[in-house]
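Engineer: Take a look at entry34.txt, compact mmCIF, C-alpha atoms and all ligand atoms:
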# COMPACT_ATOMS: atom_id res chain seq x y z
CA MET A 1 5.18 -2.57 -15.66
CA LYS A 2 3.89 -5.93 -14.42
CA ASN A 3 1.60 -5.98 -11.37
CA LEU A 4 2.78 -8.40 -8.70
CA VAL A 5 1.05 -9.69 -5.59
CA SER A 6 3.17 -10.37 -2.52
CA ALA A 7 1.17 -12.43 -0.01
CA SER A 8 1.81 -11.34 3.58
CA LEU A 9 2.22 -14.42 5.75
CA LEU A 10 1.19 -12.38 8.76
CA GLY A 11 -2.39 -12.82 7.50
CA CYS A 12 -2.32 -16.61 7.26
CA ASP A 13 -2.93 -19.42 9.75
CA LEU A 14 0.62 -19.80 11.05
CA ALA A 15 -0.18 -23.15 12.66
CA ASP A 16 -0.80 -24.46 9.15
CA LEU A 17 2.01 -22.60 7.42
CA LYS A 18 2.99 -25.16 4.78
CA ASN A 19 -0.56 -25.63 3.52
CA GLU A 20 -1.21 -21.89 3.62
CA ILE A 21 1.88 -21.28 1.45
CA LYS A 22 0.76 -23.94 -1.05
CA SER A 23 -2.77 -22.53 -1.09
CA ILE A 24 -1.72 -18.94 -1.76
CA GLU A 25 0.80 -20.01 -4.42
CA LYS A 26 -1.96 -21.98 -6.12
CA ALA A 27 -4.15 -18.87 -5.93
CA GLY A 28 -1.52 -17.03 -8.00
CA ALA A 29 0.56 -15.05 -5.48
CA ASP A 30 3.83 -14.00 -7.11
CA TRP A 31 5.91 -13.51 -3.97
CA LEU A 32 5.70 -14.35 -0.26
CA HIS A 33 5.99 -11.28 1.95
CA CYS A 34 7.63 -12.17 5.28
CA ASP A 35 7.25 -9.53 8.00
CA VAL A 36 10.04 -9.72 10.58
CA MET A 37 9.26 -7.59 13.67
CA ASP A 38 11.46 -7.11 16.71
CA GLY A 39 9.12 -5.49 19.25
CA VAL A 40 11.38 -2.40 19.28
CA PHE A 41 11.11 -0.74 15.86
CA VAL A 42 7.43 -1.73 15.89
CA ASN A 43 5.15 -2.66 18.78
CA ASN A 44 4.84 -6.28 17.79
CA ILE A 45 6.95 -9.42 17.50
CA SER A 46 6.28 -11.79 14.62
CA PHE A 47 8.79 -14.40 13.45
CA GLY A 48 12.44 -14.64 12.55
CA THR A 49 15.08 -16.87 10.97
CA PRO A 50 13.88 -20.32 12.21
CA VAL A 51 10.45 -19.76 10.68
CA LEU A 52 11.75 -18.22 7.47
CA LYS A 53 14.08 -21.18 6.90
CA CYS A 54 10.98 -23.41 6.92
CA VAL A 55 9.10 -20.99 4.65
CA ARG A 56 11.96 -21.13 2.16
CA LYS A 57 11.80 -24.95 2.08
CA ALA A 58 8.02 -24.98 1.63
CA ALA A 59 7.77 -22.19 -0.96
CA SER A 60 8.39 -22.15 -4.71
CA VAL A 61 7.94 -18.41 -5.30
CA PRO A 62 10.43 -15.66 -4.35
CA MET A 63 10.70 -14.66 -0.70
CA ASP A 64 10.16 -10.94 -0.11
CA THR A 65 11.58 -10.31 3.36
CA HIS A 66 10.50 -7.10 5.13
CA LEU A 67 12.67 -6.28 8.15
CA MET A 68 10.85 -4.12 10.69
CA ILE A 69 13.80 -4.19 13.07
CA THR A 70 16.26 -1.68 14.51
CA ASP A 71 19.79 -1.57 13.13
CA PRO A 72 18.98 -3.99 10.30
CA ILE A 73 22.55 -4.30 9.03
CA ARG A 74 23.21 -6.80 11.85
CA TYR A 75 20.86 -9.35 10.28
CA ILE A 76 21.35 -8.98 6.51
CA ASP A 77 23.74 -11.95 6.29
CA ASP A 78 21.24 -14.18 8.11
CA TYR A 79 18.19 -13.29 6.03
CA ALA A 80 20.13 -13.37 2.75
CA GLY A 81 21.78 -16.64 3.76
CA LEU A 82 18.48 -18.43 4.35
CA GLY A 83 17.33 -17.67 0.81
CA SER A 84 15.55 -14.30 0.69
CA ASP A 85 15.22 -13.03 -2.89
CA ASN A 86 14.62 -9.47 -1.74
CA ILE A 87 15.33 -7.80 1.59
CA THR A 88 13.59 -4.56 2.46
CA PHE A 89 14.64 -2.56 5.53
CA HIS A 90 13.31 0.64 7.06
CA LEU A 91 15.06 3.91 6.37
CA GLU A 92 14.02 5.08 9.86
CA ALA A 93 15.74 2.11 11.50
CA ALA A 94 19.17 2.40 9.88
CA SER A 95 22.00 4.80 10.81
CA ASP A 96 23.68 4.30 7.40
CA PRO A 97 21.05 3.23 4.84
CA GLN A 98 23.56 3.11 1.96
CA ALA A 99 25.67 0.58 3.87
CA VAL A 100 22.60 -1.63 4.33
CA ILE A 101 21.77 -1.44 0.61
CA ASP A 102 25.38 -2.31 -0.28
CA LYS A 103 25.38 -5.23 2.14
CA ILE A 104 22.17 -6.64 0.64
CA HIS A 105 23.63 -6.25 -2.86
CA SER A 106 26.82 -8.01 -1.80
CA HIS A 107 24.68 -11.15 -1.55
CA GLY A 108 23.53 -10.73 -5.16
CA ILE A 109 19.89 -10.12 -4.20
CA SER A 110 17.41 -7.28 -4.58
CA ALA A 111 17.41 -4.43 -2.03
CA GLY A 112 14.31 -2.55 -0.91
CA ILE A 113 13.99 0.51 1.30
CA SER A 114 10.80 1.29 3.19
CA ILE A 115 9.27 4.42 4.65
CA LYS A 116 6.52 4.75 7.24
CA PRO A 117 3.46 6.93 6.46
CA GLY A 118 4.94 9.93 8.28
CA THR A 119 8.35 9.90 6.57
CA PRO A 120 8.70 12.41 3.71
CA VAL A 121 9.94 11.43 0.25
CA SER A 122 12.89 13.83 0.62
CA GLU A 123 14.43 11.43 3.15
CA VAL A 124 14.40 8.45 0.80
CA LYS A 125 15.41 10.43 -2.31
CA PRO A 126 19.20 10.01 -1.82
CA TYR A 127 18.79 6.21 -2.12
CA LEU A 128 16.57 6.04 -5.21
CA GLY A 129 19.64 5.65 -7.41
CA SER A 130 20.71 2.41 -5.78
CA VAL A 131 17.66 0.46 -4.58
CA ASP A 132 15.64 -2.09 -6.54
CA MET A 133 12.39 -1.41 -4.71
CA VAL A 134 10.79 1.27 -2.55
CA LEU A 135 8.17 0.04 -0.08
CA VAL A 136 5.70 2.74 0.86
CA MET A 137 3.89 1.71 4.02
CA THR A 138 0.21 2.49 3.63
CA VAL A 139 -0.45 1.81 7.35
CA GLU A 140 1.71 2.25 10.46
CA PRO A 141 3.89 -0.87 10.42
CA GLY A 142 3.32 -3.54 13.05
CA PHE A 143 -0.08 -5.13 12.51
CA GLY A 144 -2.19 -6.62 9.75
CA GLY A 145 -5.85 -5.74 9.22
CA GLN A 146 -5.52 -1.94 9.47
CA LYS A 147 -7.23 0.71 7.37
CA PHE A 148 -5.40 2.07 4.30
CA VAL A 149 -3.94 5.57 4.86
CA ALA A 150 -4.89 7.53 1.72
CA ASP A 151 -2.42 10.37 2.43
CA THR A 152 0.36 8.01 1.31
CA LEU A 153 -0.84 8.07 -2.34
CA GLU A 154 0.82 11.41 -2.98
CA LYS A 155 4.16 9.97 -1.86
CA ILE A 156 3.81 7.04 -4.24
CA SER A 157 3.23 9.45 -7.18
CA GLU A 158 6.18 11.57 -6.13
CA ILE A 159 8.52 8.57 -5.91
CA ARG A 160 7.35 7.23 -9.29
CA TYR A 161 7.94 10.67 -10.81
CA LEU A 162 11.45 10.87 -9.34
CA LEU A 163 12.34 7.34 -10.51
CA ASP A 164 11.09 8.05 -14.03
CA SER A 165 13.03 11.33 -14.16
CA MET A 166 16.19 9.48 -13.14
CA GLY A 167 15.72 6.87 -15.87
CA ARG A 168 15.00 4.23 -13.22
CA SER A 169 11.45 3.27 -14.20
CA GLU A 170 12.26 -0.40 -13.64
CA VAL A 171 12.43 0.10 -9.85
CA ASN A 172 9.44 -1.47 -8.13
CA ILE A 173 7.19 0.52 -5.85
CA GLU A 174 5.56 -1.77 -3.32
CA VAL A 175 2.64 -0.85 -1.08
CA ASP A 176 1.79 -2.59 2.16
CA GLY A 177 -1.16 -2.24 4.51
CA GLY A 178 -4.90 -2.16 3.91
CA VAL A 179 -4.51 -3.22 0.28
CA ASN A 180 -7.73 -4.69 -1.13
CA GLY A 181 -9.74 -4.78 -4.38
CA GLU A 182 -10.58 -1.08 -4.03
CA THR A 183 -7.45 0.54 -2.60
CA VAL A 184 -5.25 -1.36 -5.07
CA LYS A 185 -6.64 0.75 -7.94
CA LEU A 186 -5.61 3.98 -6.22
CA CYS A 187 -2.12 2.59 -5.56
CA ARG A 188 -1.71 1.46 -9.17
CA GLU A 189 -2.87 4.84 -10.50
CA ALA A 190 -0.33 6.53 -8.24
CA GLY A 191 2.47 4.37 -9.67
CA ALA A 192 2.84 1.31 -7.43
CA ASN A 193 3.20 -2.12 -9.03
CA VAL A 194 3.81 -4.57 -6.15
CA PHE A 195 0.86 -5.12 -3.85
CA VAL A 196 1.33 -6.70 -0.44
CA SER A 197 -1.82 -8.20 0.95
CA GLY A 198 -2.54 -10.21 4.10
CA SER A 199 -6.07 -10.17 5.47
CA TYR A 200 -7.75 -9.45 2.11
CA ILE A 201 -6.39 -12.49 0.30
CA PHE A 202 -5.98 -14.98 3.19
CA GLY A 203 -9.43 -14.08 4.53
CA ALA A 204 -11.14 -14.47 1.15
CA GLU A 205 -13.45 -17.40 0.49
CA ASP A 206 -12.05 -17.54 -3.04
CA ARG A 207 -8.36 -16.74 -2.72
CA LYS A 208 -7.70 -17.03 -6.45
CA ALA A 209 -10.36 -14.41 -7.20
CA ALA A 210 -8.94 -12.13 -4.50
CA VAL A 211 -5.39 -12.40 -5.87
CA ASN A 212 -6.69 -11.80 -9.42
CA SER A 213 -8.56 -8.69 -8.31
CA LEU A 214 -5.24 -7.23 -7.14
CA LYS A 215 -3.50 -8.05 -10.40
O1 LIG B 1 3.81 -5.15 7.31
C1 LIG B 1 2.64 -5.28 7.54
C2 LIG B 1 2.11 -4.70 8.77
O2 LIG B 1 3.13 -4.04 9.42
C3 LIG B 1 1.78 -5.90 6.53
O3 LIG B 1 2.49 -6.78 5.66
C4 LIG B 1 0.50 -6.50 6.94
O4 LIG B 1 0.63 -7.85 7.26
C5 LIG B 1 -0.48 -6.36 5.81
O5 LIG B 1 -1.69 -6.82 6.26
P1 LIG B 1 -3.07 -6.35 5.67
O6 LIG B 1 -3.17 -4.88 5.92
O7 LIG B 1 -3.03 -6.69 4.21
O8 LIG B 1 -4.05 -7.16 6.44
Give the structure from this file in structure tokens form.
Structural biologist:
Amino acid sequence: MKNLVSASLLGCDLADLKNEIKSIEKAGADWLHCDVMDGVFVNNISFGTPVLKCVRKAASVPMDTHLMITDPIRYIDDYAGLGSDNITFHLEAASDPQAVIDKIHSHGISAGISIKPGTPVSEVKPYLGSVDMVLVMTVEPGFGGQKFVADTLEKISEIRYLLDSMGRSEVNIEVDGGVNGETVKLCREAGANVFVSGSYIFGAEDRKAAVNSLK
């Protein structure tokens, strides 16, 4: 399975967004990871539709939208409509996760489901047959620059095992939080193939080398 790097815009200089997008695309990022936070599901507020519309115009690579918001079904039409290629929502934030997956799919785009470090695999298992990606948070969602939580590796292996047993090996497993040149190896060994990175790649002197080290 191909390794992909999804650059988290939360780690860039937001006052220079267009140039930052161009720079990280030139460095080889495969996707742009856009963290939408509502200050309720997580203790932080980031950006929303007005900013992502501008990101879509400035970017050439797929937009990987990560909704860290309560009751995400309310906003699927908006984030699909502005040009997201994938929308990932949190299992913990949705009263009917299957309805959210179906709504994302009704727009003809990829659907991801995410779990926080404390959420067991058993809770996401019922949805493994219908999602295109599982995002395992490797930090508590809300802030960039945190330390990788190694306990999450076991969950990645378990999800990869379940997907393989179901004949769904093509489903991506994405990891997000504290991903760098070292922790990426552990994630890959456990079965992840999409690596979200903010501070490690945007903070690097040589962004191309940093992106390559993740691939
Ligand atoms: O979703 C989040 C945080 O909630 C992430 O996408 C972070 O933005 C990743 O940042 P680093 O840990 O790579 O600095």
Engineer: Using all atoms listed in the file, which protein or nucleic acid residues come within 12 Å of Asn193 in chain A? Drop anything in the same chain fewer than 6 positions from it, and give the result as a VMD selection string.
Structural biologist: chain A and resid 1 to 6 133 to 136 156 to 157 160 169 to 176 184 to 187 214 to 215
Engineer: Select, counting all atoms listed in the file, all protein, DNA and RNA residues no farther than 9 Å from (10.4, -6.3, 7.3) in file coordinates, and express the selection as an NGL selection string.
Structural biologist: :A and (33-37 or 64-69 or 87-90 or 114)
Engineer: Please provide the set of residues having any atom within 12 Å of Asp77 in chain A, restricted to all atoms listed in the file, with same-chain residues fewer than 5 positions apart removed, written as a PDB file with C-alpha atoms, in the frame of the given file.
Structural biologist:
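Output (selection-v7.pdb):
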ATOM      1  CA  THR A  49      15.080 -16.870  10.970  1.00  0.00           C
ATOM      2  CA  PRO A  72      18.980  -3.990  10.300  1.00  0.00           C
ATOM      3  CA  LEU A  82      18.480 -18.430   4.350  1.00  0.00           C
ATOM      4  CA  GLY A  83      17.330 -17.670   0.810  1.00  0.00           C
ATOM      5  CA  SER A  84      15.550 -14.300   0.690  1.00  0.00           C
ATOM      6  CA  ILE A  87      15.330  -7.800   1.590  1.00  0.00           C
ATOM      7  CA  VAL A 100      22.600  -1.630   4.330  1.00  0.00           C
ATOM      8  CA  ASP A 102      25.380  -2.310  -0.280  1.00  0.00           C
ATOM      9  CA  LYS A 103      25.380  -5.230   2.140  1.00  0.00           C
ATOM     10  CA  ILE A 104      22.170  -6.640   0.640  1.00  0.00           C
ATOM     11  CA  HIS A 105      23.630  -6.250  -2.860  1.00  0.00           C
ATOM     12  CA  SER A 106      26.820  -8.010  -1.800  1.00  0.00           C
ATOM     13  CA  HIS A 107      24.680 -11.150  -1.550  1.00  0.00           C
ATOM     14  CA  GLY A 108      23.530 -10.730  -5.160  1.00  0.00           C
ATOM     15  CA  ILE A 109      19.890 -10.120  -4.200  1.00  0.00           C
TER      16      ILE A 109
END
Engineer: One decimal, in Å: what's the spacing between CA of Gly28 in chain A and CA of Asn212 in chain A?
Structural biologist: 7.5 Å
Engineer: With distances taken over all atoms listed in the file, which residue among A:Ala192, A:Ala7, A:Val131, A:Ala27 lies nearest ligand LIG 1 (chain B)?
Structural biologist: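 The shortest atom-to-atom distance to ligand LIG 1 (chain B) comes from A:Ala7.
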Engineer: Check every protein, DNA and RNA residue against ligand LIG 1 (chain B), keep those with an atom at most 8 Å away (counting only C-alpha atoms and all ligand atoms), and present them as a PyMOL selection string.
Structural biologist: chain A and resi 8-11+33-35+66+68+137+139-148+176-180+196-201
Engineer: What does the distance between CA of Asn44 in chain A and CA of Ala93 in chain A come to in Å, to one decimal place?
Structural biologist: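 A separation of 15.1 Å between them.
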Engineer: By how many Å are CA of Gly129 in chain A and CA of Leu32 in chain A apart?
Structural biologist: 25.4 Å
Engineer: Take the point (26.0, 1.2, 13.0) in the file's coordinates, draw a sphere of radius 10 Å around it, and report as a PyMOL selection string every protein, DNA or RNA residue with an atom inside or on it, counting all atoms listed in the file.
Structural biologist: chain A and resi 71-74+94-97+99-100
Engineer: Find the residue from A:Glu25, A:Glu92, A:Glu154, A:Glu20 that sits nearest to Glu189 in chain A; use all atoms listed in the file when measuring.
Structural biologist: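 Among the listed residues, the smallest separation from Glu189 in chain A belongs to A:Glu154.
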